[in-house]
file data-v9.cif (mmCIF, C-alpha atoms and all ligand atoms)
data_query
loop_
_atom_site.label_atom_id
_atom_site.label_comp_id
_atom_site.auth_asym_id
_atom_site.auth_seq_id
_atom_site.Cartn_x
_atom_site.Cartn_y
_atom_site.Cartn_z
CA MET A 1 46.67 104.63 45.13
CA ARG A 2 48.06 102.39 47.88
CA ILE A 3 45.41 101.34 50.41
CA LEU A 4 45.83 99.81 53.87
CA VAL A 5 42.89 97.44 54.41
CA THR A 6 42.59 96.32 58.03
CA GLY A 7 40.55 93.22 58.78
CA GLY A 8 41.07 92.18 55.16
CA ALA A 9 41.10 88.45 55.96
CA GLY A 10 37.53 88.62 57.27
CA PHE A 11 34.25 88.54 55.36
CA ILE A 12 33.68 92.05 53.97
CA GLY A 13 37.37 93.03 54.11
CA SER A 14 38.46 90.10 51.93
CA ASN A 15 35.67 90.80 49.43
CA PHE A 16 36.89 94.42 49.36
CA VAL A 17 40.51 93.36 48.73
CA HIS A 18 39.34 91.18 45.82
CA TYR A 19 37.16 94.03 44.53
CA ILE A 20 40.04 96.55 44.51
CA LEU A 21 42.49 94.17 42.86
CA GLU A 22 39.91 93.17 40.21
CA GLU A 23 38.36 96.56 39.48
CA THR A 24 41.24 99.04 39.87
CA THR A 25 45.01 99.28 39.37
CA ASP A 26 45.55 100.19 43.05
CA GLU A 27 47.84 98.40 45.48
CA VAL A 28 46.58 96.88 48.73
CA VAL A 29 48.31 96.15 52.02
CA THR A 30 46.11 93.88 54.13
CA LEU A 31 46.63 93.96 57.90
CA ASP A 32 44.78 91.29 59.88
CA ALA A 33 45.34 89.68 63.27
CA LEU A 34 43.82 86.41 62.00
CA THR A 35 41.45 86.01 64.94
CA TYR A 36 39.00 83.07 64.83
CA ALA A 37 37.02 85.16 62.28
CA GLY A 38 39.85 85.83 59.82
CA SER A 39 41.55 83.42 57.44
CA THR A 40 44.15 83.75 54.70
CA GLU A 41 42.00 81.22 52.79
CA ASN A 42 39.73 84.18 52.04
CA LEU A 43 42.69 85.77 50.22
CA GLU A 44 44.19 82.61 48.74
CA SER A 45 43.97 83.68 45.11
CA VAL A 46 45.59 87.08 45.75
CA MET A 47 48.39 86.12 48.14
CA ASP A 48 50.92 86.11 45.27
CA ASN A 49 49.47 89.10 43.47
CA PRO A 50 52.31 91.68 43.08
CA ARG A 51 49.82 94.46 43.92
CA HIS A 52 48.92 92.83 47.23
CA LYS A 53 50.88 92.39 50.45
CA PHE A 54 49.52 90.53 53.50
CA VAL A 55 50.73 91.47 56.99
CA GLU A 56 49.64 89.49 60.04
CA GLY A 57 49.26 91.87 62.97
CA ASP A 58 46.97 93.69 65.35
CA ILE A 59 45.56 97.18 64.71
CA ARG A 60 46.45 97.96 68.34
CA ASN A 61 50.17 97.50 67.61
CA GLU A 62 51.21 101.18 67.48
CA SER A 63 54.63 100.77 65.90
CA LEU A 64 53.38 98.33 63.27
CA VAL A 65 50.43 100.47 62.20
CA SER A 66 52.55 103.66 62.18
CA THR A 67 55.04 102.02 59.82
CA LEU A 68 52.31 100.69 57.55
CA ILE A 69 50.29 103.92 57.41
CA GLU A 70 53.36 105.97 56.48
CA ASP A 71 53.55 104.01 53.27
CA VAL A 72 49.92 104.28 52.04
CA ASP A 73 47.55 106.93 50.67
CA ALA A 74 44.42 105.69 52.42
CA VAL A 75 43.17 103.44 55.22
CA VAL A 76 39.95 101.41 55.19
CA ASN A 77 39.29 100.03 58.66
CA PHE A 78 37.23 96.84 58.64
CA ALA A 79 39.07 95.19 61.55
CA ALA A 80 36.63 94.49 64.37
CA GLU A 81 35.04 91.89 66.56
CA SER A 82 31.76 91.57 64.70
CA HIS A 83 29.44 88.99 66.27
CA VAL A 84 26.67 90.41 68.47
CA ASP A 85 26.11 87.15 70.39
CA ARG A 86 29.79 87.02 71.41
CA SER A 87 29.63 90.65 72.60
CA ILE A 88 26.70 89.71 74.85
CA ASP A 89 28.82 86.93 76.39
CA SER A 90 31.76 89.31 76.93
CA SER A 91 32.43 92.78 75.56
CA GLU A 92 36.12 93.04 76.49
CA ALA A 93 37.55 92.00 73.11
CA PHE A 94 35.01 94.30 71.40
CA VAL A 95 36.19 97.37 73.32
CA ALA A 96 39.82 96.38 72.67
CA SER A 97 39.61 95.89 68.90
CA ASN A 98 36.71 98.11 67.92
CA VAL A 99 37.43 101.12 70.13
CA VAL A 100 41.12 101.01 71.16
CA GLY A 101 42.08 99.52 67.77
CA THR A 102 40.34 102.35 65.89
CA GLN A 103 41.91 104.94 68.19
CA THR A 104 45.38 103.46 67.53
CA LEU A 105 44.85 103.66 63.77
CA LEU A 106 43.48 107.22 63.96
CA ASP A 107 46.47 108.35 66.05
CA ALA A 108 48.91 106.76 63.63
CA ALA A 109 47.13 108.45 60.70
CA LEU A 110 47.48 111.87 62.33
CA SER A 111 51.21 112.07 61.76
CA THR A 112 50.89 111.25 58.04
CA ASP A 113 49.33 113.05 55.09
CA ILE A 114 46.90 110.29 54.11
CA GLU A 115 44.16 111.30 51.69
CA ARG A 116 41.34 109.33 53.30
CA PHE A 117 40.51 107.26 56.40
CA VAL A 118 37.35 105.23 55.83
CA GLN A 119 35.83 103.84 59.02
CA ILE A 120 33.53 100.86 58.34
CA SER A 121 30.49 101.00 60.56
CA THR A 122 27.04 99.49 60.81
CA ASP A 123 23.33 100.33 60.89
CA GLU A 124 23.31 98.87 64.42
CA VAL A 125 24.80 102.11 65.82
CA TYR A 126 21.39 103.78 65.38
CA GLY A 127 19.54 101.13 67.36
CA GLN A 128 16.22 99.72 66.23
CA ILE A 129 13.52 101.50 64.23
CA LEU A 130 9.98 100.12 63.95
CA ASP A 131 8.81 102.35 61.08
CA GLY A 132 10.68 104.49 58.56
CA THR A 133 14.43 104.68 58.04
CA PHE A 134 17.48 106.11 59.77
CA GLU A 135 19.31 109.07 58.26
CA GLU A 136 22.99 109.82 58.81
CA GLY A 137 22.30 112.75 61.16
CA ASP A 138 20.04 110.74 63.47
CA ARG A 139 21.02 110.22 67.09
CA LEU A 140 22.95 107.07 67.87
CA GLY A 141 21.19 104.58 70.14
CA PRO A 142 23.18 101.32 70.16
CA ARG A 143 21.45 98.59 72.18
CA ASN A 144 24.00 95.77 72.37
CA PRO A 145 27.70 95.83 73.35
CA TYR A 146 28.91 95.23 69.76
CA ALA A 147 26.86 98.16 68.47
CA ALA A 148 28.01 100.34 71.38
CA THR A 149 31.67 99.77 70.53
CA LYS A 150 31.03 100.50 66.84
CA ALA A 151 29.20 103.73 67.79
CA SER A 152 32.15 104.69 70.02
CA ALA A 153 34.53 104.16 67.12
CA ASP A 154 32.34 106.32 64.86
CA LEU A 155 32.32 109.13 67.40
CA LEU A 156 36.10 108.93 67.83
CA ALA A 157 36.66 108.93 64.07
CA SER A 158 34.32 111.93 63.60
CA SER A 159 36.04 113.77 66.41
CA TYR A 160 39.44 113.30 64.72
CA HIS A 161 37.99 115.04 61.68
CA THR A 162 36.53 117.90 63.70
CA THR A 163 39.48 118.32 66.05
CA TYR A 164 42.48 117.59 63.81
CA GLY A 165 41.07 117.84 60.29
CA LEU A 166 41.80 114.16 59.59
CA PRO A 167 40.03 113.26 56.29
CA VAL A 168 37.67 110.70 57.80
CA SER A 169 34.60 109.25 56.06
CA ILE A 170 32.30 106.70 57.67
CA THR A 171 30.12 104.10 55.95
CA ARG A 172 27.25 102.51 57.87
CA SER A 173 25.92 99.51 56.04
CA SER A 174 23.05 97.19 56.73
CA ASN A 175 23.55 93.41 57.16
CA ASN A 176 25.84 91.99 54.48
CA TYR A 177 25.65 88.50 52.99
CA GLY A 178 27.63 86.72 50.30
CA PRO A 179 30.74 84.56 49.81
CA ARG A 180 33.38 84.10 52.54
CA GLN A 181 31.21 84.98 55.53
CA HIS A 182 32.06 83.20 58.78
CA ARG A 183 29.81 80.24 59.60
CA GLU A 184 28.69 81.76 62.91
CA LYS A 185 26.49 84.33 61.08
CA LEU A 186 22.84 83.64 60.29
CA ILE A 187 22.88 83.08 56.52
CA PRO A 188 26.04 80.90 56.15
CA LYS A 189 25.22 79.05 59.36
CA PHE A 190 21.71 78.18 58.21
CA ILE A 191 22.85 77.25 54.69
CA ALA A 192 25.51 74.88 56.07
CA ARG A 193 23.06 73.39 58.60
CA ALA A 194 20.26 73.00 56.03
CA MET A 195 22.67 71.26 53.66
CA THR A 196 23.53 68.72 56.33
CA GLY A 197 20.01 68.21 57.69
CA GLN A 198 20.61 70.00 61.02
CA THR A 199 17.98 72.12 62.78
CA LEU A 200 17.71 75.84 61.98
CA PRO A 201 17.45 77.65 65.36
CA VAL A 202 15.48 80.87 64.74
CA TYR A 203 15.53 83.43 67.57
CA GLY A 204 12.15 84.28 69.13
CA ASP A 205 9.29 84.16 66.62
CA GLY A 206 11.57 85.00 63.67
CA SER A 207 9.86 88.37 63.09
CA ASN A 208 13.02 90.50 63.52
CA VAL A 209 13.65 92.35 60.27
CA ARG A 210 17.03 93.10 58.71
CA GLU A 211 17.95 94.94 55.52
CA TRP A 212 20.16 92.66 53.43
CA THR A 213 22.92 94.06 51.22
CA TYR A 214 25.00 91.81 48.99
CA VAL A 215 28.66 92.20 49.97
CA ARG A 216 29.84 93.15 46.46
CA ASP A 217 27.37 96.06 46.44
CA ASN A 218 28.76 97.24 49.78
CA CYS A 219 32.35 96.97 48.48
CA ARG A 220 31.41 99.18 45.52
CA ALA A 221 29.88 101.72 47.92
CA ILE A 222 32.98 101.73 50.14
CA ASP A 223 35.24 102.19 47.11
CA LEU A 224 33.09 105.14 45.98
CA VAL A 225 33.28 106.78 49.41
CA LEU A 226 37.04 106.20 49.46
CA ARG A 227 37.44 108.13 46.20
CA GLU A 228 34.56 110.60 46.16
CA GLY A 229 33.15 110.74 49.68
CA GLY A 230 33.30 114.02 51.57
CA SER A 231 35.73 114.52 54.43
CA GLY A 232 33.89 114.30 57.75
CA GLU A 233 30.85 112.76 56.05
CA ILE A 234 28.84 109.65 56.96
CA TYR A 235 27.14 107.47 54.35
CA ASN A 236 24.44 104.85 54.95
CA VAL A 237 24.67 101.83 52.64
CA GLY A 238 21.57 99.67 52.27
CA SER A 239 19.73 97.77 49.58
CA GLY A 240 16.16 98.45 50.72
CA VAL A 241 15.63 94.65 50.76
CA GLU A 242 13.94 93.93 54.08
CA ARG A 243 13.36 90.36 55.20
CA SER A 244 12.37 88.88 58.54
CA ASN A 245 14.71 86.20 59.89
CA LEU A 246 11.95 83.65 59.31
CA GLU A 247 11.58 84.70 55.66
CA VAL A 248 15.35 84.41 55.13
CA THR A 249 15.29 80.98 56.77
CA LYS A 250 12.47 79.84 54.46
CA ASN A 251 14.41 81.17 51.43
CA ILE A 252 17.39 79.07 52.54
CA VAL A 253 15.21 76.00 53.02
CA ASP A 254 13.89 76.43 49.45
CA LEU A 255 17.31 76.99 47.88
CA THR A 256 18.96 74.04 49.60
CA GLY A 257 16.00 71.69 49.10
CA ALA A 258 15.84 71.07 52.88
CA SER A 259 12.68 70.43 54.87
CA GLU A 260 10.82 73.24 56.69
CA ASP A 261 10.61 70.82 59.61
CA LEU A 262 14.23 71.75 60.38
CA ILE A 263 13.06 75.21 61.56
CA GLU A 264 13.10 75.42 65.34
CA PHE A 265 12.16 78.51 67.38
CA VAL A 266 14.61 79.14 70.24
CA GLU A 267 14.84 81.64 73.12
CA ASP A 268 15.29 85.16 71.75
CA ARG A 269 18.65 86.98 71.86
CA ALA A 270 18.84 89.40 74.81
CA GLY A 271 18.07 92.97 73.70
CA HIS A 272 17.30 91.73 70.18
CA ASP A 273 16.65 94.75 67.94
CA GLN A 274 13.35 94.36 66.06
CA ARG A 275 14.19 96.15 62.86
CA TYR A 276 16.91 98.21 61.19
CA ALA A 277 16.39 100.19 57.98
CA LEU A 278 18.45 102.90 56.32
CA ALA A 279 17.78 105.95 54.15
CA THR A 280 20.37 105.84 51.36
CA ASP A 281 19.74 109.09 49.42
CA LYS A 282 23.17 110.42 50.37
CA ILE A 283 25.24 107.58 48.90
CA GLU A 284 22.85 107.45 45.94
CA SER A 285 23.67 111.12 45.25
CA LEU A 286 27.29 109.97 44.72
CA GLY A 287 26.02 107.59 42.01
CA TRP A 288 25.64 104.32 43.95
CA GLU A 289 22.69 101.99 44.01
CA ALA A 290 22.35 98.36 45.06
CA GLU A 291 22.45 96.06 42.03
CA TRP A 292 22.14 92.55 43.48
CA ASP A 293 18.78 90.86 43.68
CA PHE A 294 18.36 89.11 47.06
CA GLU A 295 17.41 85.67 45.72
CA GLU A 296 20.29 85.76 43.20
CA GLY A 297 22.77 86.82 45.90
CA LEU A 298 21.50 84.09 48.20
CA ARG A 299 21.87 81.50 45.42
CA ARG A 300 25.49 82.65 44.91
CA THR A 301 26.10 82.32 48.65
CA VAL A 302 24.69 78.77 48.69
CA GLU A 303 27.01 77.87 45.77
CA ASP A 304 30.02 79.32 47.60
CA ILE A 305 29.30 77.22 50.69
CA GLN A 306 28.66 74.10 48.59
CA ASN A 307 32.04 74.60 46.84
CA ARG A 308 33.86 75.06 50.13
CA VAL A 309 32.27 71.93 51.62
CA GLU A 310 33.29 69.94 48.49
CA GLU A 311 36.86 71.33 48.63
CA THR A 312 37.32 70.32 52.28
CA SER A 313 35.79 66.90 51.68
CA GLY A 314 38.04 66.45 48.62
CA ALA A 315 35.03 65.90 46.34
P1 LIG B 401 34.56 89.53 60.28
O1 LIG B 401 34.42 89.15 61.71
O2 LIG B 401 34.25 88.54 59.21
O3 LIG B 401 36.05 90.03 60.01
C1 LIG B 401 36.75 90.85 60.91
C2 LIG B 401 38.23 90.73 60.59
O4 LIG B 401 38.96 91.61 61.46
C3 LIG B 401 38.80 89.33 60.83
O5 LIG B 401 39.58 88.93 59.72
C4 LIG B 401 39.65 89.47 62.08
O6 LIG B 401 40.77 88.60 62.09
C5 LIG B 401 40.07 90.93 61.99
N1 LIG B 401 40.39 91.55 63.28
C6 LIG B 401 39.62 91.53 64.41
N2 LIG B 401 40.25 92.19 65.39
C7 LIG B 401 41.44 92.63 64.88
C8 LIG B 401 42.51 93.38 65.40
N3 LIG B 401 42.51 93.82 66.68
N4 LIG B 401 43.55 93.67 64.59
C9 LIG B 401 43.56 93.23 63.30
N5 LIG B 401 42.59 92.50 62.76
C10 LIG B 401 41.52 92.21 63.54
O7 LIG B 401 33.69 90.84 60.11
P2 LIG B 401 32.89 91.39 58.84
O8 LIG B 401 31.53 90.86 58.88
O9 LIG B 401 33.72 91.23 57.64
O10 LIG B 401 32.81 92.93 59.23
C11 LIG B 401 33.83 93.84 58.82
C12 LIG B 401 33.47 95.23 59.31
O11 LIG B 401 32.21 95.61 58.76
C13 LIG B 401 33.33 95.33 60.82
O12 LIG B 401 33.89 96.55 61.22
C14 LIG B 401 31.83 95.30 61.06
O13 LIG B 401 31.50 96.01 62.22
C15 LIG B 401 31.33 95.99 59.82
N6 LIG B 401 29.98 95.61 59.40
C16 LIG B 401 29.66 94.30 59.15
C17 LIG B 401 28.39 93.98 58.70
C18 LIG B 401 28.00 92.55 58.37
O14 LIG B 401 26.83 92.29 58.06
N7 LIG B 401 28.92 91.60 58.39
C19 LIG B 401 27.43 94.99 58.51
C20 LIG B 401 27.79 96.31 58.76
C21 LIG B 401 29.06 96.61 59.19
#
call {"tool": "encode", "arguments": {"input": "data-v9.cif", "output": "structure tokens"}}
result
Amino acid sequence: MRILVTGGAGFIGSNFVHYILEETTDEVVTLDALTYAGSTENLESVMDNPRHKFVEGDIRNESLVSTLIEDVDAVVNFAAESHVDRSIDSSEAFVASNVVGTQTLLDAALSTDIERFVQISTDEVYGQILDGTFEEGDRLGPRNPYAATKASADLLASSYHTTYGLPVSITRSSNNYGPRQHREKLIPKFIARAMTGQTLPVYGDGSNVREWTYVRDNCRAIDLVLREGGSGEIYNVGSGVERSNLEVTKNIVDLTGASEDLIEFVEDRAGHDQRYALATDKIESLGWEAEWDFEEGLRRTVEDIQNRVEETSGA
């Protein structure tokens, strides 16, 4: 199979490109606009791989995406603006990449006979849940601009299946963590700050709960949906590992040997969702389950950041 991976120079996308090249014999074309969040460093070891081609470009470039999609069997769309805090400052780029970008890809896919279009989504489209878990059929209730644009993209993608029969599948995963994540996100940011003795600014009282899925587990789930997921179907992907932001921060303090005194409580994020949690029976019925232990995954993430710091400092 030949797969177009958009946003493949970002965090989850680059882990997915590595996963496919390591675990299958498939070919990958990576399309990425290399925004502030994307870097070819994430793909350094596969840039010369004969089964991989990197194209710098925007998913809103109609002629480029049409040409690329004609030549592949499947599309996996990771490309997005992904940081909630930035979407609160301004949502324009989020609407452009997450909504218009997805629409451009879907339109280009319509005039081909691709086997699968996997839209990568998030648990945030459901909104917050204080008890229990969200199922795939639950109503969407996004509460921040990022989540609203991701929900819009999901609805568009689903409508292309219903209206035109496009073989769309959607994965909605919980928070990912692991190697190659951008330093603006909670876990890599706090690891890097703890390692250098900087304060760890925790929003509010730190009680907001997230479900943490190791990125490699998510990549395996996405690959499964790509091959065996149903057309028009949505799959939640979550590990069941729930941790409050304060607990995660304390885990990071322990692993890096930093002092708890670095923890500082700061003004809460506007509209900060209290808790997300997913029911994952549907993806489990395809044969997937999360394998990574949280503490082990976190240790691996700390090592990755340590290695990158040493590489840049020439140590
Ligand atoms: P990221 O910000 O690390 O990477 C996004 C990538 O997309 C970057 O390489 C960027 O250059 C590229 N990109 C952005 N706009 C583009 C455009 N218009 N054209 C081409 N490329 C563009 O994000 P991530 O954390 O890897 O997330 C990937 C996907 O997974 C996103 O769709 C996100 O909504 C979803 N998701 C992320 C998480 C998480 O915890 N990180 C959880 C659930 C879902």
call {"tool": "atom_distance", "arguments": {"input": "data-v9.cif", "atom1": "atom CA of Tyr276 of chain A", "atom2": "atom CA of Ser39 of chain A"}}
result
29.0 Å
call {"tool": "residues_near_ligand", "arguments": {"input": "data-v9.cif", "ligand": "ligand LIG 401 (chain B)", "cutoff": "6 Å", "atoms": "all atoms listed in the file", "output": "short mmCIF file (atom, residue, chain, number, x, y, z; two decimals) with C-alpha atoms, in the frame of the given file"}}
result
data_model
loop_
_atom_site.label_atom_id
_atom_site.label_comp_id
_atom_site.auth_asym_id
_atom_site.auth_seq_id
_atom_site.Cartn_x
_atom_site.Cartn_y
_atom_site.Cartn_z
CA GLY A 7 40.55 93.22 58.78
CA GLY A 8 41.07 92.18 55.16
CA ALA A 9 41.10 88.45 55.96
CA GLY A 10 37.53 88.62 57.27
CA PHE A 11 34.25 88.54 55.36
CA ILE A 12 33.68 92.05 53.97
CA GLY A 13 37.37 93.03 54.11
CA ASP A 32 44.78 91.29 59.88
CA ALA A 33 45.34 89.68 63.27
CA LEU A 34 43.82 86.41 62.00
CA THR A 35 41.45 86.01 64.94
CA ALA A 37 37.02 85.16 62.28
CA GLY A 38 39.85 85.83 59.82
CA GLY A 57 49.26 91.87 62.97
CA ASP A 58 46.97 93.69 65.35
CA ILE A 59 45.56 97.18 64.71
CA ARG A 60 46.45 97.96 68.34
CA PHE A 78 37.23 96.84 58.64
CA ALA A 79 39.07 95.19 61.55
CA ALA A 80 36.63 94.49 64.37
CA GLU A 81 35.04 91.89 66.56
CA SER A 82 31.76 91.57 64.70
CA SER A 97 39.61 95.89 68.90
CA GLY A 101 42.08 99.52 67.77
CA ILE A 120 33.53 100.86 58.34
CA SER A 121 30.49 101.00 60.56
CA THR A 122 27.04 99.49 60.81
CA SER A 173 25.92 99.51 56.04
CA SER A 174 23.05 97.19 56.73
CA ASN A 175 23.55 93.41 57.16
CA ASN A 176 25.84 91.99 54.48
CA GLN A 181 31.21 84.98 55.53
CA HIS A 182 32.06 83.20 58.78
#
call {"tool": "axis_aligned_box", "arguments": {"input": "data-v9.cif", "around": "segment 231-246 of chain A", "padding_each_side": "6 Å", "output": "AutoDock Vina command-line options"}}
result
--center_x 23.8 --center_y 99.1 --center_z 54.7 --size_x 35.8 --size_y 42.9 --size_z 22.3
call {"tool": "atom_distance", "arguments": {"input": "data-v9.cif", "atom1": "atom CA of Glu211 of chain A", "atom2": "atom CA of Arg300 of chain A"}}
result
17.9 Å
call {"tool": "closest_residue", "arguments": {"input": "data-v9.cif", "among": "A:Val309, A:Ile69, A:Ile129, A:Ile234", "to": "Asp281 of chain A", "atoms": "all atoms listed in the file"}}
result
A:Ile234
call {"tool": "atom_distance", "arguments": {"input": "data-v9.cif", "atom1": "atom CA of Lys250 of chain A", "atom2": "atom CA of Asp131 of chain A"}}
result
23.7 Å
call {"tool": "residues_near_point", "arguments": {"input": "data-v9.cif", "point": "(45.2, 118.5, 61.7)", "cutoff": "12 Å", "atoms": "only C-alpha atoms", "output": "PyMOL selection string"}}
result
chain A and resi 106-107+109-114+159-168
call {"tool": "write_last_selection", "arguments": {"input": "data-v9.cif", "atoms": "C-alpha atoms", "output": "compact mmCIF listing (two decimals), in the coordinates of the input"}}
result
# COMPACT_ATOMS: atom_id res chain seq x y z
CA LEU A 106 43.48 107.22 63.96
CA ASP A 107 46.47 108.35 66.05
CA ALA A 109 47.13 108.45 60.70
CA LEU A 110 47.48 111.87 62.33
CA SER A 111 51.21 112.07 61.76
CA THR A 112 50.89 111.25 58.04
CA ASP A 113 49.33 113.05 55.09
CA ILE A 114 46.90 110.29 54.11
CA SER A 159 36.04 113.77 66.41
CA TYR A 160 39.44 113.30 64.72
CA HIS A 161 37.99 115.04 61.68
CA THR A 162 36.53 117.90 63.70
CA THR A 163 39.48 118.32 66.05
CA TYR A 164 42.48 117.59 63.81
CA GLY A 165 41.07 117.84 60.29
CA LEU A 166 41.80 114.16 59.59
CA PRO A 167 40.03 113.26 56.29
CA VAL A 168 37.67 110.70 57.80
call {"tool": "closest_residue", "arguments": {"input": "data-v9.cif", "among": "A:Glu62, A:Thr102, A:Arg193, A:Ser91", "to": "Ile305 of chain A", "atoms": "all atoms listed in the file"}}
result
A:Arg193
call {"tool": "closest_residue", "arguments": {"input": "data-v9.cif", "among": "A:Tyr203, A:Phe265, A:Phe190, A:Trp292", "to": "Ile252 of chain A", "atoms": "all atoms listed in the file"}}
result
A:Phe190
call {"tool": "closest_residue", "arguments": {"input": "data-v9.cif", "among": "A:Pro145, A:Gly132, A:Gly178, A:Pro50", "to": "Val302 of chain A", "atoms": "all atoms listed in the file"}}
result
A:Gly178
call {"tool": "residues_around", "arguments": {"input": "data-v9.cif", "residues": "segment 223-230 of chain A", "least_positions_apart": "3", "cutoff": "12 Å", "atoms": "only C-alpha atoms", "output": "PyMOL selection string"}}
result
chain A and resi 1-5+13+15-21+23-24+26+73-77+114-120+161+166-172+216-220+233-237+282-289
call {"tool": "closest_residue", "arguments": {"input": "data-v9.cif", "among": "A:Asp154, A:Glu264, A:Glu296, A:Glu136", "to": "Thr280 of chain A", "atoms": "only C-alpha atoms"}}
result
A:Glu136
call {"tool": "closest_residue", "arguments": {"input": "data-v9.cif", "among": "A:Leu130, A:Val253, A:Val209, A:Ala277", "to": "Ala194 of chain A", "atoms": "only C-alpha atoms"}}
result
A:Val253
call {"tool": "decode", "arguments": {"input": "data-v9.cif", "residues": "segment 255-300 of chain A", "atoms": "C-alpha atoms", "output": "PDB file, in the first residue's frame"}}
result
ATOM      1  CA  LEU A 255      11.637  11.041  37.104  1.00  0.00           C
ATOM      2  CA  THR A 256      13.866  14.052  36.527  1.00  0.00           C
ATOM      3  CA  GLY A 257      15.028  14.279  40.147  1.00  0.00           C
ATOM      4  CA  ALA A 258      13.799  17.904  40.323  1.00  0.00           C
ATOM      5  CA  SER A 259      12.364  19.598  43.398  1.00  0.00           C
ATOM      6  CA  GLU A 260       8.592  19.776  44.036  1.00  0.00           C
ATOM      7  CA  ASP A 261       9.215  23.417  44.952  1.00  0.00           C
ATOM      8  CA  LEU A 262       9.330  24.125  41.199  1.00  0.00           C
ATOM      9  CA  ILE A 263       5.551  23.532  40.999  1.00  0.00           C
ATOM     10  CA  GLU A 264       3.692  26.826  40.697  1.00  0.00           C
ATOM     11  CA  PHE A 265      -0.095  27.193  40.367  1.00  0.00           C
ATOM     12  CA  VAL A 266      -1.057  29.758  37.707  1.00  0.00           C
ATOM     13  CA  GLU A 267      -4.337  31.265  36.458  1.00  0.00           C
ATOM     14  CA  ASP A 268      -6.483  28.570  34.850  1.00  0.00           C
ATOM     15  CA  ARG A 269      -6.897  28.266  31.064  1.00  0.00           C
ATOM     16  CA  ALA A 270     -10.151  29.871  29.874  1.00  0.00           C
ATOM     17  CA  GLY A 271     -12.873  27.234  29.375  1.00  0.00           C
ATOM     18  CA  HIS A 272     -10.531  24.547  30.712  1.00  0.00           C
ATOM     19  CA  ASP A 273     -12.251  21.149  30.363  1.00  0.00           C
ATOM     20  CA  GLN A 274     -12.209  19.257  33.670  1.00  0.00           C
ATOM     21  CA  ARG A 275     -11.972  15.717  32.417  1.00  0.00           C
ATOM     22  CA  TYR A 276     -12.000  13.653  29.230  1.00  0.00           C
ATOM     23  CA  ALA A 277     -12.379   9.865  29.179  1.00  0.00           C
ATOM     24  CA  LEU A 278     -13.175   7.443  26.372  1.00  0.00           C
ATOM     25  CA  ALA A 279     -14.960   4.098  26.022  1.00  0.00           C
ATOM     26  CA  THR A 280     -12.742   1.962  23.794  1.00  0.00           C
ATOM     27  CA  ASP A 281     -14.777  -1.257  23.322  1.00  0.00           C
ATOM     28  CA  LYS A 282     -15.129  -0.582  19.595  1.00  0.00           C
ATOM     29  CA  ILE A 283     -11.416  -0.426  18.750  1.00  0.00           C
ATOM     30  CA  GLU A 284     -10.800  -3.293  21.178  1.00  0.00           C
ATOM     31  CA  SER A 285     -13.244  -5.403  19.150  1.00  0.00           C
ATOM     32  CA  LEU A 286     -10.831  -4.960  16.206  1.00  0.00           C
ATOM     33  CA  GLY A 287      -8.082  -6.486  18.370  1.00  0.00           C
ATOM     34  CA  TRP A 288      -6.371  -3.376  19.799  1.00  0.00           C
ATOM     35  CA  GLU A 289      -5.474  -2.655  23.376  1.00  0.00           C
ATOM     36  CA  ALA A 290      -3.065  -0.178  24.933  1.00  0.00           C
ATOM     37  CA  GLU A 291       0.231  -1.871  25.814  1.00  0.00           C
ATOM     38  CA  TRP A 292       2.380   0.907  27.279  1.00  0.00           C
ATOM     39  CA  ASP A 293       2.550   1.430  31.001  1.00  0.00           C
ATOM     40  CA  PHE A 294       2.345   5.161  31.845  1.00  0.00           C
ATOM     41  CA  GLU A 295       5.458   5.346  34.030  1.00  0.00           C
ATOM     42  CA  GLU A 296       7.491   3.396  31.441  1.00  0.00           C
ATOM     43  CA  GLY A 297       6.250   5.636  28.605  1.00  0.00           C
ATOM     44  CA  LEU A 298       7.052   8.727  30.642  1.00  0.00           C
ATOM     45  CA  ARG A 299      10.565   7.419  31.366  1.00  0.00           C
ATOM     46  CA  ARG A 300      11.070   6.882  27.609  1.00  0.00           C
TER      47      ARG A 300
END
